[in-house]
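Engineer: I'm passing along structure20.txt; it holds compact mmCIF, C-alpha atoms and all ligand atoms.
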```txt
# COMPACT_ATOMS: atom_id res chain seq x y z
CA MET L 1 39.35 -72.00 -10.13
CA GLU L 2 42.08 -74.28 -8.86
CA ASP L 3 42.96 -74.85 -5.20
CA SER L 4 46.21 -76.83 -5.22
CA TYR L 5 48.54 -78.15 -2.49
CA ARG L 6 50.68 -75.08 -3.13
CA HIS L 7 47.74 -72.78 -2.33
CA LYS L 8 46.92 -74.84 0.79
CA GLY L 9 50.55 -74.57 1.89
CA MET L 10 50.43 -70.78 1.44
CA ARG L 11 47.23 -70.67 3.52
CA ASN L 12 48.80 -72.75 6.29
CA LEU L 13 51.67 -70.25 6.50
CA LEU L 14 49.15 -67.39 6.69
CA VAL L 15 47.25 -69.17 9.49
CA ARG L 16 50.51 -69.61 11.41
CA LYS L 17 51.31 -65.91 10.99
CA LEU L 18 47.84 -64.88 12.26
CA ALA L 19 48.23 -67.17 15.30
CA GLU L 20 51.62 -65.55 16.02
CA LYS L 21 49.93 -62.14 15.80
CA GLY L 22 47.49 -63.17 18.54
CA ILE L 23 44.47 -64.76 16.84
CA THR L 24 43.41 -67.61 19.14
CA ASP L 25 39.87 -68.48 17.99
CA GLN L 26 40.32 -71.93 16.43
CA ALA L 27 37.12 -71.67 14.36
CA VAL L 28 38.43 -68.44 12.79
CA LEU L 29 41.88 -69.93 12.07
CA LYS L 30 40.26 -73.05 10.60
CA ALA L 31 38.05 -70.95 8.30
CA ILE L 32 41.05 -68.91 7.10
CA GLY L 33 42.88 -72.17 6.45
CA THR L 34 39.90 -73.44 4.45
CA VAL L 35 38.71 -70.54 2.25
CA PRO L 36 40.84 -70.05 -0.90
CA ARG L 37 41.62 -66.32 -0.64
CA HIS L 38 43.22 -66.36 -4.11
CA PHE L 39 39.74 -66.85 -5.65
CA PHE L 40 38.90 -63.29 -4.53
CA LEU L 41 41.82 -61.66 -6.37
CA ASP L 42 42.70 -61.48 -10.04
CA PRO L 43 44.80 -64.64 -10.85
CA ALA L 44 47.71 -62.34 -11.80
CA PHE L 45 48.01 -61.39 -8.11
CA LEU L 46 48.29 -64.90 -6.64
CA GLU L 47 51.46 -63.99 -4.74
CA HIS L 48 49.52 -61.24 -2.94
CA ALA L 49 46.58 -63.45 -1.95
CA TYR L 50 48.31 -65.05 1.05
CA GLN L 51 50.27 -62.05 2.26
CA ASP L 52 48.87 -60.33 5.31
CA LYS L 53 47.78 -57.17 3.56
CA ALA L 54 44.74 -55.49 2.05
CA PHE L 55 44.49 -55.49 -1.76
CA PRO L 56 42.51 -53.50 -4.37
CA ILE L 57 39.41 -55.28 -5.74
CA GLY L 58 38.23 -52.56 -8.16
CA GLU L 59 35.70 -49.74 -7.75
CA GLY L 60 38.24 -48.03 -5.45
CA GLN L 61 37.61 -50.68 -2.74
CA THR L 62 39.78 -53.30 -1.04
CA ILE L 63 39.67 -56.85 0.27
CA SER L 64 40.57 -56.41 3.96
CA GLN L 65 43.91 -57.60 5.35
CA PRO L 66 43.62 -61.22 6.61
CA TYR L 67 44.62 -60.12 10.14
CA THR L 68 41.80 -57.56 10.15
CA VAL L 69 39.28 -60.17 8.95
CA ALA L 70 40.50 -62.60 11.63
CA PHE L 71 40.53 -59.93 14.35
CA GLN L 72 37.02 -58.66 13.59
CA THR L 73 35.65 -62.22 13.32
CA GLN L 74 37.28 -63.18 16.63
CA LEU L 75 35.79 -60.08 18.33
CA LEU L 76 32.40 -61.00 16.92
CA SER L 77 32.56 -64.29 18.83
CA VAL L 78 30.69 -66.28 16.22
CA LYS L 79 29.63 -69.89 16.15
CA GLN L 80 27.62 -72.16 13.91
CA GLY L 81 23.98 -71.16 13.46
CA LEU L 82 24.26 -67.51 14.52
CA LYS L 83 22.51 -64.97 12.31
CA VAL L 84 25.07 -62.41 11.15
CA LEU L 85 24.63 -59.17 9.20
CA GLU L 86 27.70 -57.86 7.35
CA ILE L 87 27.87 -54.29 6.06
CA GLY L 88 30.32 -53.97 3.14
CA THR L 89 30.41 -57.25 1.19
CA GLY L 90 33.30 -56.04 -1.01
CA SER L 91 35.02 -59.12 -2.46
CA GLY L 92 32.89 -61.51 -0.36
CA TYR L 93 35.92 -62.90 1.51
CA GLN L 94 34.76 -61.93 5.03
CA CYS L 95 31.32 -63.25 4.14
CA SER L 96 32.78 -66.61 3.09
CA ILE L 97 34.75 -66.86 6.36
CA LEU L 98 31.51 -66.38 8.31
CA ALA L 99 29.72 -68.90 6.07
CA ALA L 100 32.59 -71.40 6.50
CA ILE L 101 32.13 -71.12 10.30
CA GLY L 102 28.46 -72.01 9.75
CA CYS L 103 26.83 -68.63 10.35
CA ARG L 104 23.63 -67.64 8.57
CA VAL L 105 24.96 -64.59 6.76
CA TYR L 106 23.13 -61.54 5.39
CA THR L 107 25.49 -59.18 3.61
CA ILE L 108 24.96 -55.71 2.09
CA GLU L 109 27.12 -53.93 -0.49
CA ARG L 110 26.33 -50.49 -1.89
CA MET L 111 28.28 -50.88 -5.17
CA LYS L 112 26.36 -52.95 -7.70
CA PRO L 113 29.37 -54.43 -9.58
CA LEU L 114 30.87 -55.72 -6.29
CA PHE L 115 27.48 -57.00 -5.10
CA GLU L 116 27.04 -58.96 -8.36
CA GLN L 117 30.62 -60.24 -8.49
CA SER L 118 30.71 -61.45 -4.88
CA ARG L 119 27.28 -63.09 -5.12
CA ARG L 120 28.38 -64.98 -8.24
CA LEU L 121 31.71 -66.05 -6.73
CA LEU L 122 30.32 -67.35 -3.43
CA ASN L 123 27.66 -69.21 -5.34
CA GLN L 124 30.36 -70.88 -7.48
CA MET L 125 32.36 -71.71 -4.35
CA GLY L 126 29.31 -73.27 -2.72
CA TYR L 127 29.06 -70.86 0.24
CA LYS L 128 25.51 -69.94 1.19
CA ALA L 129 24.75 -66.31 2.07
CA ASN L 130 22.01 -63.76 1.42
CA PHE L 131 23.21 -60.85 -0.74
CA TYR L 132 21.67 -57.38 -0.81
CA CYS L 133 22.61 -54.23 -2.69
CA GLY L 134 21.95 -50.99 -0.82
CA ASP L 135 22.91 -48.69 2.03
CA GLY L 136 24.05 -50.88 4.90
CA THR L 137 24.06 -47.98 7.39
CA LEU L 138 20.29 -48.51 7.49
CA GLY L 139 20.78 -52.20 8.29
CA LEU L 140 18.35 -54.73 6.86
CA PRO L 141 15.14 -54.30 8.89
CA SER L 142 13.22 -56.96 6.91
CA GLN L 143 15.44 -59.74 8.34
CA ALA L 144 16.21 -58.23 11.79
CA PRO L 145 17.11 -58.91 14.55
CA TYR L 146 20.69 -60.21 14.20
CA ASP L 147 22.84 -62.06 16.74
CA ARG L 148 25.90 -60.36 15.31
CA ILE L 149 26.59 -57.35 13.06
CA ILE L 150 29.97 -56.65 11.48
CA VAL L 151 30.83 -53.44 9.63
CA THR L 152 33.84 -53.68 7.30
CA ALA L 153 34.18 -50.00 6.34
CA GLY L 154 35.25 -47.06 8.52
CA ALA L 155 32.28 -45.20 10.07
CA PRO L 156 32.18 -41.61 11.36
CA ALA L 157 29.84 -42.75 14.19
CA ILE L 158 27.85 -45.81 15.26
CA PRO L 159 24.76 -46.08 12.99
CA GLU L 160 21.70 -46.08 15.26
CA LYS L 161 19.73 -48.46 13.01
CA LEU L 162 22.38 -51.16 13.43
CA VAL L 163 22.15 -50.99 17.22
CA GLU L 164 18.34 -51.16 16.97
CA GLN L 165 18.56 -54.30 14.78
CA LEU L 166 20.83 -56.16 17.22
CA SER L 167 19.26 -58.97 19.30
CA PRO L 168 19.42 -58.89 23.07
CA GLU L 169 22.89 -60.25 23.96
CA GLY L 170 23.94 -59.37 20.39
CA ILE L 171 27.36 -58.03 19.41
CA LEU L 172 28.23 -55.31 16.88
CA VAL L 173 31.83 -54.88 15.69
CA ILE L 174 32.55 -51.63 13.86
CA PRO L 175 35.57 -49.41 13.11
CA VAL L 176 34.74 -45.79 14.06
CA GLY L 177 36.87 -42.70 13.59
CA ASP L 178 38.00 -40.20 10.97
CA ALA L 179 38.85 -40.81 7.31
CA GLN L 180 42.41 -42.02 8.10
CA THR L 181 42.20 -44.03 11.33
CA GLN L 182 39.41 -45.79 13.15
CA LYS L 183 39.17 -47.49 16.52
CA MET L 184 37.73 -50.98 16.47
CA LEU L 185 34.67 -50.98 18.73
CA ARG L 186 32.71 -53.91 20.09
CA LEU L 187 29.20 -53.09 21.32
CA THR L 188 27.34 -55.64 23.40
CA LYS L 189 23.59 -55.26 23.90
CA GLU L 190 22.58 -56.61 27.29
CA LEU L 191 19.23 -58.29 27.96
CA SER L 192 18.06 -55.04 29.58
CA GLY L 193 18.78 -53.23 26.30
CA HIS L 194 21.78 -51.42 27.83
CA VAL L 195 24.71 -51.20 25.40
CA SER L 196 28.32 -51.45 26.57
CA ILE L 197 31.26 -50.47 24.35
CA GLN L 198 34.86 -51.75 24.34
CA GLU L 199 37.76 -50.42 22.23
CA PHE L 200 40.35 -52.57 20.46
CA GLY L 201 43.12 -50.60 18.77
CA ASN L 202 43.50 -48.60 15.57
CA PHE L 203 42.74 -49.73 12.03
CA SER L 204 42.43 -48.10 8.63
CA PHE L 205 39.42 -48.91 6.44
CA VAL L 206 37.90 -47.45 3.28
CA PRO L 207 35.03 -45.12 4.24
CA LEU L 208 31.52 -46.28 5.12
CA LYS L 209 29.25 -44.19 2.88
CA GLY L 210 25.53 -43.60 3.06
CA HIS L 211 22.89 -42.17 5.36
CA SER L 212 24.82 -42.69 8.59
CA GLY L 213 28.23 -42.82 6.91
CA TRP L 214 30.46 -40.32 5.12
CA ASN L 215 28.89 -38.29 2.28
N1 LIG V 1 34.32 -57.29 3.73
C1 LIG V 1 35.02 -57.01 2.50
C2 LIG V 1 35.81 -58.16 1.98
O1 LIG V 1 35.89 -59.19 2.67
O2 LIG V 1 36.33 -58.03 0.87
C3 LIG V 1 35.90 -55.78 2.60
C4 LIG V 1 35.12 -54.63 2.32
S1 LIG V 1 35.86 -53.11 1.86
C5 LIG V 1 37.09 -52.85 3.05
C6 LIG V 1 34.46 -52.09 2.37
C7 LIG V 1 33.24 -52.26 1.51
O3 LIG V 1 32.17 -51.52 2.11
C8 LIG V 1 33.39 -51.70 0.10
O4 LIG V 1 33.10 -52.70 -0.83
C9 LIG V 1 32.37 -50.56 0.05
O5 LIG V 1 31.79 -50.39 -1.23
C10 LIG V 1 31.35 -51.02 1.08
N2 LIG V 1 30.51 -49.98 1.64
C11 LIG V 1 30.82 -48.71 2.00
N3 LIG V 1 29.74 -48.07 2.49
C12 LIG V 1 28.70 -48.95 2.44
C13 LIG V 1 27.32 -48.88 2.80
N4 LIG V 1 26.76 -47.79 3.31
N5 LIG V 1 26.56 -49.98 2.61
C14 LIG V 1 27.10 -51.12 2.08
N6 LIG V 1 28.39 -51.25 1.72
C15 LIG V 1 29.19 -50.17 1.90
```
Now that the file is in, can you turn its structure into structure tokens?
Ligand code: SAM
Structural biologist:
Amino acid sequence: MEDSYRHKGMRNLLVRKLAEKGITDQAVLKAIGTVPRHFFLDPAFLEHAYQDKAFPIGEGQTISQPYTVAFQTQLLSVKQGLKVLEIGTGSGYQCSILAAIGCRVYTIERMKPLFEQSRRLLNQMGYKANFYCGDGTLGLPSQAPYDRIIVTAGAPAIPEKLVEQLSPEGILVIPVGDAQTQKMLRLTKELSGHVSIQEFGNFSFVPLKGHSGWN
């Protein structure tokens, strides 16, 4: 795994593009400028690694578009030390961005080959995270509560268990909609337990499967 000046240059251009598209969180931009996204793709697809688009990672799944990763991470309002649960590990790229920011990450993937591959890769790259294989729509009650929860697959509705496992003042970011298009939602749990919801535009994710997902 080589991370050359050429790769760093490509990442700097990507960071500039994301800033032009409206990403302002400096910690997010710094993490995107740091994590070698080409490690998450087959070496034959290097040219695709730093384009702002999603890309197939096998098992019918995708590594999310860099803008989507940046947008969701910015909405999540993360900082060093926060405990974050990610549903949908996929390639592990989003997970590594959170780890690079200094979050304590718990990540769940339902497909065993992706779970194994991403765990191995992040370990090689030196990013610390806790990997689980299972149905993320049920959350991870054994480690709850979480300061932040991020869902990186399109849900038909907000999974109740995830809201339950959110700390007071916690934030959940989740795309919710039909199979084609989802609205990005940010839920904030107030100290009283009341949950407020804000909407942030349309996105298109692979489906969230499982108990509170699509069949
Ligand atoms: N965050 C990923 C990344 O950085 O590469 C992108 C993930 S991809 C868009 C969505 C992932 O969610 C897929 O790997 C899919 O297998 C996974 N997924 C779907 N339903 C799930 C569930 N109920 N629990 C855990 N993972 C799930």
Engineer: Which residue, L:Lys17, L:Lys83, L:Arg6, L:Lys30, has the smallest gap to Asp52 in chain L when you use all atoms listed in the file?
Structural biologist: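 Closest candidate: L:Lys17.
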Engineer: Determine, counting all atoms listed in the file, which protein, DNA and RNA residues have an atom within 9 Å of an atom of Phe40 in chain L; residues of the same chain fewer than 4 positions away are not included. Present the result as a PDB file with C-alpha atoms, keeping the file's coordinate frame.
Structural biologist:
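Saved file out.pdb follows:
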```pdb
ATOM      1  CA  PRO L  36      40.840 -70.050  -0.900  1.00  0.00           C
ATOM      2  CA  ALA L  49      46.580 -63.450  -1.950  1.00  0.00           C
ATOM      3  CA  ILE L  57      39.410 -55.280  -5.740  1.00  0.00           C
ATOM      4  CA  ILE L  63      39.670 -56.850   0.270  1.00  0.00           C
ATOM      5  CA  SER L  91      35.020 -59.120  -2.460  1.00  0.00           C
ATOM      6  CA  GLY L  92      32.890 -61.510  -0.360  1.00  0.00           C
ATOM      7  CA  TYR L  93      35.920 -62.900   1.510  1.00  0.00           C
ATOM      8  CA  SER L 118      30.710 -61.450  -4.880  1.00  0.00           C
ATOM      9  CA  LEU L 121      31.710 -66.050  -6.730  1.00  0.00           C
TER      10      LEU L 121
END
```
Engineer: Find the residue from L:Gly154, L:Gly126, L:Gly136, L:Pro66 that sits nearest to ligand LIG 1 (chain V); use only C-alpha atoms and all ligand atoms when measuring.
Structural biologist: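 Looking at the shortest contact to ligand LIG 1 (chain V), the residue is L:Gly136.
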Engineer: What is the atom C8 of ligand LIG 1 (chain V)-CA of Tyr67 in chain L distance in Å, reported with one decimal?
Structural biologist: 17.3 Å
Engineer: Where's the centre, and what are the edge lengths in Å to one decimal, of a box along x, y and z enclosing all listed atoms of range 184-196 of chain L padded 4 Å per side, as JSON?
Structural biologist:
```
{"center_x": 27.9, "center_y": -54.6, "center_z": 23.0, "size_x": 27.7, "size_y": 15.3, "size_z": 21.1}
```
Engineer: Could you report the residues within 9 Å of ligand LIG 1 (chain V), using only C-alpha atoms and all ligand atoms, as a PyMOL selection string?
Structural biologist: chain L and resi 40+54-55+57-66+69+86-97+107-112+114-115+118+132-139+150-155+205-214
Engineer: Residues of the last selection are to be written out with C-alpha atoms, as a compact mmCIF listing (two decimals), in the coordinates of the input.
Structural biologist:
```txt
# COMPACT_ATOMS: atom_id res chain seq x y z
CA PHE L 40 38.90 -63.29 -4.53
CA ALA L 54 44.74 -55.49 2.05
CA PHE L 55 44.49 -55.49 -1.76
CA ILE L 57 39.41 -55.28 -5.74
CA GLY L 58 38.23 -52.56 -8.16
CA GLU L 59 35.70 -49.74 -7.75
CA GLY L 60 38.24 -48.03 -5.45
CA GLN L 61 37.61 -50.68 -2.74
CA THR L 62 39.78 -53.30 -1.04
CA ILE L 63 39.67 -56.85 0.27
CA SER L 64 40.57 -56.41 3.96
CA GLN L 65 43.91 -57.60 5.35
CA PRO L 66 43.62 -61.22 6.61
CA VAL L 69 39.28 -60.17 8.95
CA GLU L 86 27.70 -57.86 7.35
CA ILE L 87 27.87 -54.29 6.06
CA GLY L 88 30.32 -53.97 3.14
CA THR L 89 30.41 -57.25 1.19
CA GLY L 90 33.30 -56.04 -1.01
CA SER L 91 35.02 -59.12 -2.46
CA GLY L 92 32.89 -61.51 -0.36
CA TYR L 93 35.92 -62.90 1.51
CA GLN L 94 34.76 -61.93 5.03
CA CYS L 95 31.32 -63.25 4.14
CA SER L 96 32.78 -66.61 3.09
CA ILE L 97 34.75 -66.86 6.36
CA THR L 107 25.49 -59.18 3.61
CA ILE L 108 24.96 -55.71 2.09
CA GLU L 109 27.12 -53.93 -0.49
CA ARG L 110 26.33 -50.49 -1.89
CA MET L 111 28.28 -50.88 -5.17
CA LYS L 112 26.36 -52.95 -7.70
CA LEU L 114 30.87 -55.72 -6.29
CA PHE L 115 27.48 -57.00 -5.10
CA SER L 118 30.71 -61.45 -4.88
CA TYR L 132 21.67 -57.38 -0.81
CA CYS L 133 22.61 -54.23 -2.69
CA GLY L 134 21.95 -50.99 -0.82
CA ASP L 135 22.91 -48.69 2.03
CA GLY L 136 24.05 -50.88 4.90
CA THR L 137 24.06 -47.98 7.39
CA LEU L 138 20.29 -48.51 7.49
CA GLY L 139 20.78 -52.20 8.29
CA ILE L 150 29.97 -56.65 11.48
CA VAL L 151 30.83 -53.44 9.63
CA THR L 152 33.84 -53.68 7.30
CA ALA L 153 34.18 -50.00 6.34
CA GLY L 154 35.25 -47.06 8.52
CA ALA L 155 32.28 -45.20 10.07
CA PHE L 205 39.42 -48.91 6.44
CA VAL L 206 37.90 -47.45 3.28
CA PRO L 207 35.03 -45.12 4.24
CA LEU L 208 31.52 -46.28 5.12
CA LYS L 209 29.25 -44.19 2.88
CA GLY L 210 25.53 -43.60 3.06
CA HIS L 211 22.89 -42.17 5.36
CA SER L 212 24.82 -42.69 8.59
CA GLY L 213 28.23 -42.82 6.91
CA TRP L 214 30.46 -40.32 5.12
```
Engineer: For a quick check of understanding, using all atoms listed in the file, which of L:Ser204, L:Asn130, L:Gln165, L:Ser196 has the smallest distance to Lys183 in chain L?
Structural biologist: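 The closest residue to Lys183 in chain L is L:Ser204.
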Engineer: Just give me the gap between CA of Glu116 in chain L and CA of Cys103 in chain L in Å, one decimal is fine.
Structural biologist: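 About the pair CA of Glu116 in chain L and CA of Cys103 in chain L: they are 21.1 Å apart.
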Engineer: Between CA of Val173 in chain L and CA of Tyr106 in chain L, what distance in Å does the model show, to one decimal?
Structural biologist: 15.0 Å
Engineer: Restricting the calculation to all atoms listed in the file: of L:Gln198, L:Gln26, L:Thr188, L:Asn123, which residue gets closest to Gln74 in chain L?
Structural biologist: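 Counting all atoms listed in the file, the residue closest to Gln74 in chain L is L:Gln26.
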Engineer: Give me the residues within 9 Å of Lys79 in chain L as a PDB file with C-alpha atoms, in the frame of the given file, counting only C-alpha atoms and dropping any in the same chain fewer than 5 places off.
Structural biologist:
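Below you can see result-v8.pdb, which holds the result:
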```pdb
ATOM      1  CA  ALA L  27      37.120 -71.670  14.360  1.00  0.00           C
ATOM      2  CA  LEU L  98      31.510 -66.380   8.310  1.00  0.00           C
ATOM      3  CA  ILE L 101      32.130 -71.120  10.300  1.00  0.00           C
ATOM      4  CA  GLY L 102      28.460 -72.010   9.750  1.00  0.00           C
ATOM      5  CA  CYS L 103      26.830 -68.630  10.350  1.00  0.00           C
TER       6      CYS L 103
END
```
Engineer: L:Arg104, L:Val195, L:Val28, L:Asn215: which is nearest Thr68 in chain L, counting all atoms listed in the file?
Structural biologist: L:Val28
Engineer: Is there a way to complete range 135-151 of chain L with N, CA, C and O atoms and then write that out as a PDB file, in the coordinates of the input?
Structural biologist:
```pdb
ATOM      1  N   ASP L 135      22.203 -49.443   0.990  1.00  0.00           N
ATOM      2  CA  ASP L 135      22.910 -48.690   2.030  1.00  0.00           C
ATOM      3  C   ASP L 135      22.859 -49.453   3.349  1.00  0.00           C
ATOM      4  O   ASP L 135      21.841 -49.449   4.040  1.00  0.00           O
ATOM      5  N   GLY L 136      23.986 -50.062   3.692  1.00  0.00           N
ATOM      6  CA  GLY L 136      24.050 -50.880   4.900  1.00  0.00           C
ATOM      7  C   GLY L 136      23.982 -50.076   6.191  1.00  0.00           C
ATOM      8  O   GLY L 136      23.783 -50.663   7.259  1.00  0.00           O
ATOM      9  N   THR L 137      24.147 -48.753   6.132  1.00  0.00           N
ATOM     10  CA  THR L 137      24.060 -47.980   7.390  1.00  0.00           C
ATOM     11  C   THR L 137      22.619 -48.002   7.931  1.00  0.00           C
ATOM     12  O   THR L 137      22.393 -47.679   9.091  1.00  0.00           O
ATOM     13  N   LEU L 138      21.681 -48.411   7.051  1.00  0.00           N
ATOM     14  CA  LEU L 138      20.290 -48.510   7.490  1.00  0.00           C
ATOM     15  C   LEU L 138      19.981 -49.916   8.003  1.00  0.00           C
ATOM     16  O   LEU L 138      18.869 -50.188   8.456  1.00  0.00           O
ATOM     17  N   GLY L 139      20.985 -50.801   7.900  1.00  0.00           N
ATOM     18  CA  GLY L 139      20.780 -52.200   8.290  1.00  0.00           C
ATOM     19  C   GLY L 139      19.899 -52.893   7.270  1.00  0.00           C
ATOM     20  O   GLY L 139      19.789 -52.455   6.114  1.00  0.00           O
ATOM     21  N   LEU L 140      19.251 -53.968   7.728  1.00  0.00           N
ATOM     22  CA  LEU L 140      18.350 -54.730   6.860  1.00  0.00           C
ATOM     23  C   LEU L 140      17.152 -55.096   7.741  1.00  0.00           C
ATOM     24  O   LEU L 140      17.071 -56.195   8.282  1.00  0.00           O
ATOM     25  N   PRO L 141      16.224 -54.117   7.915  1.00  0.00           N
ATOM     26  CA  PRO L 141      15.140 -54.300   8.890  1.00  0.00           C
ATOM     27  C   PRO L 141      14.269 -55.516   8.578  1.00  0.00           C
ATOM     28  O   PRO L 141      13.755 -56.140   9.500  1.00  0.00           O
ATOM     29  N   SER L 142      14.133 -55.864   7.270  1.00  0.00           N
ATOM     30  CA  SER L 142      13.220 -56.960   6.910  1.00  0.00           C
ATOM     31  C   SER L 142      13.658 -58.306   7.512  1.00  0.00           C
ATOM     32  O   SER L 142      12.825 -59.196   7.676  1.00  0.00           O
ATOM     33  N   GLN L 143      14.945 -58.453   7.819  1.00  0.00           N
ATOM     34  CA  GLN L 143      15.440 -59.740   8.340  1.00  0.00           C
ATOM     35  C   GLN L 143      15.867 -59.638   9.811  1.00  0.00           C
ATOM     36  O   GLN L 143      16.349 -60.612  10.373  1.00  0.00           O
ATOM     37  N   ALA L 144      15.741 -58.451  10.408  1.00  0.00           N
ATOM     38  CA  ALA L 144      16.210 -58.230  11.790  1.00  0.00           C
ATOM     39  C   ALA L 144      15.357 -59.024  12.770  1.00  0.00           C
ATOM     40  O   ALA L 144      14.202 -59.349  12.451  1.00  0.00           O
ATOM     41  N   PRO L 145      15.836 -59.340  13.982  1.00  0.00           N
ATOM     42  CA  PRO L 145      17.110 -58.910  14.550  1.00  0.00           C
ATOM     43  C   PRO L 145      18.262 -59.883  14.211  1.00  0.00           C
ATOM     44  O   PRO L 145      18.020 -61.005  13.776  1.00  0.00           O
ATOM     45  N   TYR L 146      19.479 -59.435  14.490  1.00  0.00           N
ATOM     46  CA  TYR L 146      20.690 -60.210  14.200  1.00  0.00           C
ATOM     47  C   TYR L 146      21.442 -60.508  15.498  1.00  0.00           C
ATOM     48  O   TYR L 146      21.547 -59.642  16.363  1.00  0.00           O
ATOM     49  N   ASP L 147      22.010 -61.711  15.568  1.00  0.00           N
ATOM     50  CA  ASP L 147      22.840 -62.060  16.740  1.00  0.00           C
ATOM     51  C   ASP L 147      24.145 -61.286  16.705  1.00  0.00           C
ATOM     52  O   ASP L 147      24.704 -60.956  17.752  1.00  0.00           O
ATOM     53  N   ARG L 148      24.620 -61.061  15.485  1.00  0.00           N
ATOM     54  CA  ARG L 148      25.900 -60.360  15.310  1.00  0.00           C
ATOM     55  C   ARG L 148      25.791 -59.417  14.114  1.00  0.00           C
ATOM     56  O   ARG L 148      25.166 -59.761  13.108  1.00  0.00           O
ATOM     57  N   ILE L 149      26.473 -58.259  14.211  1.00  0.00           N
ATOM     58  CA  ILE L 149      26.590 -57.350  13.060  1.00  0.00           C
ATOM     59  C   ILE L 149      28.049 -56.941  12.947  1.00  0.00           C
ATOM     60  O   ILE L 149      28.681 -56.575  13.942  1.00  0.00           O
ATOM     61  N   ILE L 150      28.579 -57.038  11.723  1.00  0.00           N
ATOM     62  CA  ILE L 150      29.970 -56.650  11.480  1.00  0.00           C
ATOM     63  C   ILE L 150      29.983 -55.588  10.373  1.00  0.00           C
ATOM     64  O   ILE L 150      29.342 -55.766   9.338  1.00  0.00           O
ATOM     65  N   VAL L 151      30.699 -54.503  10.627  1.00  0.00           N
ATOM     66  CA  VAL L 151      30.830 -53.440   9.630  1.00  0.00           C
ATOM     67  C   VAL L 151      32.284 -53.456   9.158  1.00  0.00           C
ATOM     68  O   VAL L 151      33.211 -53.402   9.974  1.00  0.00           O
TER      69      VAL L 151
END
```
